[in-house]
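Structure first, commentary second.
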Amino acid sequence: MQLALNSNFYDASSKNIVNWINISNEMLNINAWNNKKDLSKYNFVDLFSGAGGLSCGLLMAGFQPIAAVEIMETAVASYKHNFIEKQHFDELVEIQDIRKQETKNRLYDKVKNKKIHLIAGGFPCQGFSIAGLRKIDDERNCLYREMLEIVKHIQPDFVLMENVPGLRSMLNGQVEEKIIQDYADIGYKINVAILNAADYGVAQIRKRIIFIGNKIGAKNYHPSAIFKEEEYKTVAQELARFSNIKENKEINHIFTKHSSKMLEKIKNTKPGDSVYDNYSDSWKRVYADKPSSTIKENHGGVNIHPIEDRVMTPRELAALQSFPDDFIFKGAKKWQLVQIGNAVPPLLGKAIGLAILKSIKEMEK
């Protein structure tokens with residue numbers, strides 16, 4: 001059921017008010033990835049950027065990228081290619097370990113004397129669930145603490161954090177409460193909601209918990225759903241344009257050479273089933289007339305094409321993630337799949353970015 005636009009909705013599971021706002025018109029008419037006239041004066045820094053799924057979405061919304069931090073070499077190569085070489089932004093993008101002080105210093109030098117409007121990032125959270133809140137120095141928690149430290153130092157107007165929905169239930173909700181409190185301690189009011197990428201035109205069911213906060217007294221908006229479940233974009237609709245395209249490594253349309261034994265298994269796999277009985281979320285043939293199941297890294301165990309007897313190419317998987325067709329991934333196919341599976345769907349990032357821009361502009365009236 002679609003929620004009422006511009007309304008307050010009390011989410012009892014997190015004791016948190018969600019401020020929904022309609023961004024449907026902007027989603028249709030704004031795309032700064034393709035049209036630089038849609039760029040706003042507002043900027044962002046992307047921490048844990050990966051290949052740039054969230055950055056791509058924020059750029060689509062009109063935010064200008066200032067810097068990105070990522071430790072994976074092939075992801076950095078992809079990010080540089082798409083945002084510096086193709087989009088021509090003067091951005092600090094290097095292979096960087098966010099835990100190192102020299103990394104932070106380079107970032108601080110890049111943004112000094114600049115007003116930063118948004119810092120975004122999706123931090124790992126394994127240490128919270130395993131070690132517990134009291135063991136905050138657990139190494140697995142350090143990336144969360146590094147982001148908190150960087151936000152405290154740079155003092156952006158807004159902060160955006162993305163993670164898996166399971167974070168909400170970690171330690172009976174105490175992890176979510178701690179994140180909200182930690183940011184309150186440095187001056188940020190946080191609101192939280194779980195969003196489904198399919199609600200914003202992504203041909204994929206992919207839910208994420210989204211923390212949005214600000215220190216300027218603005219209302220934190222989350223984007224209302226644009227599409228109802230019966231209107232979701234399907235796999236067949238998204239992949240139709242690739243049906244007659246031959247293999248082309250230049251655009252990441254790379255086919256997997258299946259053995260005759262594997263090919264036979266794939267032929268006998270029905271939509272919704274996996275090639276292997278002991279796998280539930282990989283080597284699965286997706287339904288043609290529904291959104292895809294969540295695209296994951298899965299070490300090569302990618303989704304099976306709904307019609308053809310093969311796994312999908314990186315290009316097709318990127319399309320199901322809503323990446324533009326001209327967004328190119330670098331590295332071997334294995335690493336392309338990792339980058340695609342780990343990414344935030346750009347259209348989800350765009351919807352969030354548009355909601356944040358409405359918060360900013362509302363304060364400027």
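Within each chain, counting starts at residue 1; across the structure tokens, chains are named A, B, ... in the order shown, with ligands numbered 1 upward in that order.
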Residue list (strand (DSSP E), DSSP) for segment 156-240 of chain A, as a list in words: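 Across segment 156-240 of chain A, those assigned strand (DSSP E) are Phe158, Val159, Leu160, Met161, Glu162, Asn163, Lys189, Ile190, Asn191, Val192, Ala193, Ile194, Leu195, Asn196, Lys207, Arg208, Ile209, Ile210, Phe211, Ile212, Gly213, Asn214, Tyr221, His222 and Pro223 of chain A.
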May I have a table of the residues of segment 291-320 of chain A lying at most 8 Å from segment 228-251 of chain A, giving each one's closest pair of atoms and their distance in Å to one decimal, counting only C-alpha atoms, ordered by chain and ascending residue number, as CSV?
```
residue,atom,partner,partner_atom,distance
A:Pro291,CA,A:Thr234,CA,4.4
A:Ser292,CA,A:Val235,CA,5.9
A:Pro306,CA,A:Ala236,CA,7.7
A:Arg315,CA,A:Ile251,CA,6.8
A:Glu316,CA,A:Leu239,CA,6.5
A:Ala319,CA,A:Glu238,CA,6.8
A:Leu320,CA,A:Glu238,CA,6.7
```
Computed interatomic separation between atom CA of Ala184 of chain A and atom CA of Ile216 of chain A (Å):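 Distance between the two atoms: 12.4 Å.
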Using only C-alpha atoms, which residues of segment 263-303 of chain A come within 10 Å of segment 343-349 of chain A, and what is the closest atom pair for each, with the distance in Å to one decimal? Give it as JSON lines, sorted by chain and residue number.
```
{"residue": "A:Ile295", "atom": "CA", "partner": "A:Ala343", "partner_atom": "CA", "distance": 9.2}
{"residue": "A:Lys296", "atom": "CA", "partner": "A:Ala343", "partner_atom": "CA", "distance": 9.0}
{"residue": "A:Glu297", "atom": "CA", "partner": "A:Ala343", "partner_atom": "CA", "distance": 9.4}
```
Which of segment 193-262 of chain A fall in alpha helix (DSSP H), as number ranges by chain: A: 235-239, 260-262
Counting only C-alpha atoms, the option among A:Ile95, A:Val338, A:Met312, A:Val275 closest to Lys257 of chain A: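 Among A:Ile95, A:Val338, A:Met312, A:Val275, it is A:Met312 that comes nearest to Lys257 of chain A.
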Spatial neighbours of Met60 of chain A, 12 Å, only C-alpha atoms, chain gap at least 3 places, as a ChimeraX atom specification: /A:26-40,52-57,63-65,83,87,322-324,345-354,357
Would you mind exporting C-alpha atoms of the selected residues as a PDB file, in the first residue's frame?
```pdb
ATOM      1  CA  GLU A  26      11.459  15.198 -10.283  1.00  0.00           C
ATOM      2  CA  MET A  27      12.251  11.509 -10.934  1.00  0.00           C
ATOM      3  CA  LEU A  28      10.650  11.894 -14.354  1.00  0.00           C
ATOM      4  CA  ASN A  29      12.095  15.250 -15.353  1.00  0.00           C
ATOM      5  CA  ILE A  30      15.544  15.532 -13.707  1.00  0.00           C
ATOM      6  CA  ASN A  31      18.604  13.502 -14.708  1.00  0.00           C
ATOM      7  CA  ALA A  32      21.924  15.292 -14.358  1.00  0.00           C
ATOM      8  CA  TRP A  33      23.768  12.140 -15.432  1.00  0.00           C
ATOM      9  CA  ASN A  34      22.541  12.853 -18.960  1.00  0.00           C
ATOM     10  CA  ASN A  35      21.929  16.597 -18.768  1.00  0.00           C
ATOM     11  CA  LYS A  36      24.325  18.850 -16.879  1.00  0.00           C
ATOM     12  CA  LYS A  37      21.703  21.607 -16.947  1.00  0.00           C
ATOM     13  CA  ASP A  38      20.005  19.660 -14.157  1.00  0.00           C
ATOM     14  CA  LEU A  39      23.005  20.028 -11.832  1.00  0.00           C
ATOM     15  CA  SER A  40      22.344  21.979  -8.660  1.00  0.00           C
ATOM     16  CA  GLY A  52      29.639   4.482  -7.686  1.00  0.00           C
ATOM     17  CA  GLY A  53      26.022   3.302  -7.586  1.00  0.00           C
ATOM     18  CA  LEU A  54      24.978   5.763  -4.898  1.00  0.00           C
ATOM     19  CA  SER A  55      27.131   8.501  -6.437  1.00  0.00           C
ATOM     20  CA  CYS A  56      25.465   7.893  -9.800  1.00  0.00           C
ATOM     21  CA  GLY A  57      22.039   8.264  -8.217  1.00  0.00           C
ATOM     22  CA  PHE A  63      24.200  16.743  -6.545  1.00  0.00           C
ATOM     23  CA  GLN A  64      27.796  17.359  -7.632  1.00  0.00           C
ATOM     24  CA  PRO A  65      30.452  14.838  -6.486  1.00  0.00           C
ATOM     25  CA  PHE A  83      32.898  10.226 -12.984  1.00  0.00           C
ATOM     26  CA  GLN A  87      31.501  13.020 -16.582  1.00  0.00           C
ATOM     27  CA  SER A 322      19.294   0.558 -12.785  1.00  0.00           C
ATOM     28  CA  PHE A 323      22.792   1.639 -13.862  1.00  0.00           C
ATOM     29  CA  PRO A 324      22.810   3.700 -17.085  1.00  0.00           C
ATOM     30  CA  PRO A 345      20.815   0.940  -7.246  1.00  0.00           C
ATOM     31  CA  PRO A 346      21.258   4.393  -8.802  1.00  0.00           C
ATOM     32  CA  LEU A 347      17.515   5.042  -9.108  1.00  0.00           C
ATOM     33  CA  LEU A 348      17.126   4.400  -5.388  1.00  0.00           C
ATOM     34  CA  GLY A 349      19.997   6.820  -4.748  1.00  0.00           C
ATOM     35  CA  LYS A 350      18.364   9.356  -7.063  1.00  0.00           C
ATOM     36  CA  ALA A 351      15.062   9.179  -5.193  1.00  0.00           C
ATOM     37  CA  ILE A 352      16.820   9.685  -1.857  1.00  0.00           C
ATOM     38  CA  GLY A 353      18.879  12.539  -3.288  1.00  0.00           C
ATOM     39  CA  LEU A 354      15.794  14.294  -4.588  1.00  0.00           C
ATOM     40  CA  LEU A 357      17.288  18.337  -2.021  1.00  0.00           C
TER      41      LEU A 357
END
```
Counting only C-alpha atoms, the option among A:Ile209, A:Ala198, A:Cys142, A:Val76 closest to Asn163 of chain A: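 Closest to Asn163 of chain A of all the choices is A:Ile209.
Relative to atom CA of Asp182 of chain A, atom CA of Glu146 of chain A is found at 12.4 Å.
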Interatomic distance, atom CA of Ala225 of chain A to atom CA of Val18 of chain A (Å, one decimal):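 Pair atom CA of Ala225 of chain A / atom CA of Val18 of chain A returns 12.9 Å.
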Closest of A:Ile340, A:Tyr287, A:Leu58, A:Ile190 to Phe327 of chain A - atom-to-atom distances counting only C-alpha atoms: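 When distances to Phe327 of chain A are compared using only C-alpha atoms, the smallest one comes from A:Ile340.
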Nearest-residue call for Glu362 of chain A, choices A:Ile254, A:Lys80, A:Ile307, A:Ile21, using only C-alpha atoms: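 Among the listed residues, the smallest separation from Glu362 of chain A belongs to A:Ile21.
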Long-range neighbours of Phe123 of chain A as a list in words, 7 Å cut-off, only C-alpha atoms, 3 positions minimum in chain: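 After dropping sequence-adjacent residues, the list is Phe48, Leu143, Tyr144 and Asn163 of chain A.
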Contact residues around Tyr79 of chain A with only C-alpha atoms at 9 Å, ignoring same-chain residues under 5 positions, as a list of chain:residue names: A:Ser49, A:Gly50, A:Ala51, A:Gly52, A:Ala68, A:Thr74, A:Ile84, A:Val93, A:Ile328, A:Phe329, A:Lys330
Pull N, CA and C atoms from the residues just selected and write them as an mmCIF file, in the first residue's frame.
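Dumped everything to result_32.cif:
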```cif
data_model
loop_
_atom_site.group_PDB
_atom_site.id
_atom_site.type_symbol
_atom_site.label_atom_id
_atom_site.label_comp_id
_atom_site.auth_asym_id
_atom_site.auth_seq_id
_atom_site.Cartn_x
_atom_site.Cartn_y
_atom_site.Cartn_z
ATOM 1 N N SER A 49 32.427 4.113 -1.481
ATOM 2 C CA SER A 49 31.670 4.411 -2.701
ATOM 3 C C SER A 49 31.481 3.220 -3.619
ATOM 4 N N GLY A 50 32.337 2.177 -3.504
ATOM 5 C CA GLY A 50 32.285 1.109 -4.482
ATOM 6 C C GLY A 50 32.507 1.671 -5.871
ATOM 7 N N ALA A 51 31.849 1.080 -6.857
ATOM 8 C CA ALA A 51 31.990 1.556 -8.230
ATOM 9 C C ALA A 51 31.247 2.863 -8.468
ATOM 10 N N GLY A 52 30.312 3.195 -7.562
ATOM 11 C CA GLY A 52 29.639 4.482 -7.686
ATOM 12 C C GLY A 52 28.144 4.420 -7.909
ATOM 13 N N ALA A 68 35.358 10.824 -3.290
ATOM 14 C CA ALA A 68 34.892 9.473 -2.993
ATOM 15 C C ALA A 68 36.028 8.676 -2.385
ATOM 16 N N THR A 74 39.566 -2.297 -8.355
ATOM 17 C CA THR A 74 38.784 -2.290 -9.585
ATOM 18 C C THR A 74 37.572 -1.362 -9.474
ATOM 19 N N ILE A 84 35.156 10.828 -13.620
ATOM 20 C CA ILE A 84 36.219 11.772 -13.982
ATOM 21 C C ILE A 84 36.441 11.787 -15.493
ATOM 22 N N VAL A 93 39.402 10.911 -6.145
ATOM 23 C CA VAL A 93 39.027 9.499 -6.130
ATOM 24 C C VAL A 93 40.301 8.678 -6.219
ATOM 25 N N ILE A 328 30.303 2.059 -17.281
ATOM 26 C CA ILE A 328 31.177 0.926 -17.598
ATOM 27 C C ILE A 328 31.956 0.474 -16.353
ATOM 28 N N PHE A 329 31.995 -0.824 -16.168
ATOM 29 C CA PHE A 329 32.712 -1.416 -15.033
ATOM 30 C C PHE A 329 34.059 -1.959 -15.498
ATOM 31 N N LYS A 330 35.093 -1.677 -14.727
ATOM 32 C CA LYS A 330 36.454 -2.095 -15.052
ATOM 33 C C LYS A 330 36.807 -3.395 -14.328
#
```
Nearest candidate to Lys112 of chain A (options A:Ile154, A:Met147, A:Val202, A:Ala197; using only C-alpha atoms):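 Checking each of A:Ile154, A:Met147, A:Val202, A:Ala197 against Lys112 of chain A, counting only C-alpha atoms, the winner is A:Ile154.
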Given only C-alpha atoms as the counted atoms, nearest of A:Asp289, A:Glu162, A:Leu107, A:Thr294 to Ile66 of chain A: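 Distance minimum relative to Ile66 of chain A lands on A:Leu107.
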Contact residues around Pro271 of chain A with only C-alpha atoms at 9 Å, ignoring same-chain residues under 4 positions, as a list of chain:residue names: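 Answer for this query is A:Lys284, A:Arg285, A:Val286, A:Tyr287, A:Ala288, A:Ile304, A:Pro306.
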For Ile266 of chain A: contacts at 6 Å, only C-alpha atoms, fewer than 3 positions along chain excluded, given as a ChimeraX atom specification: /A:263,269,309
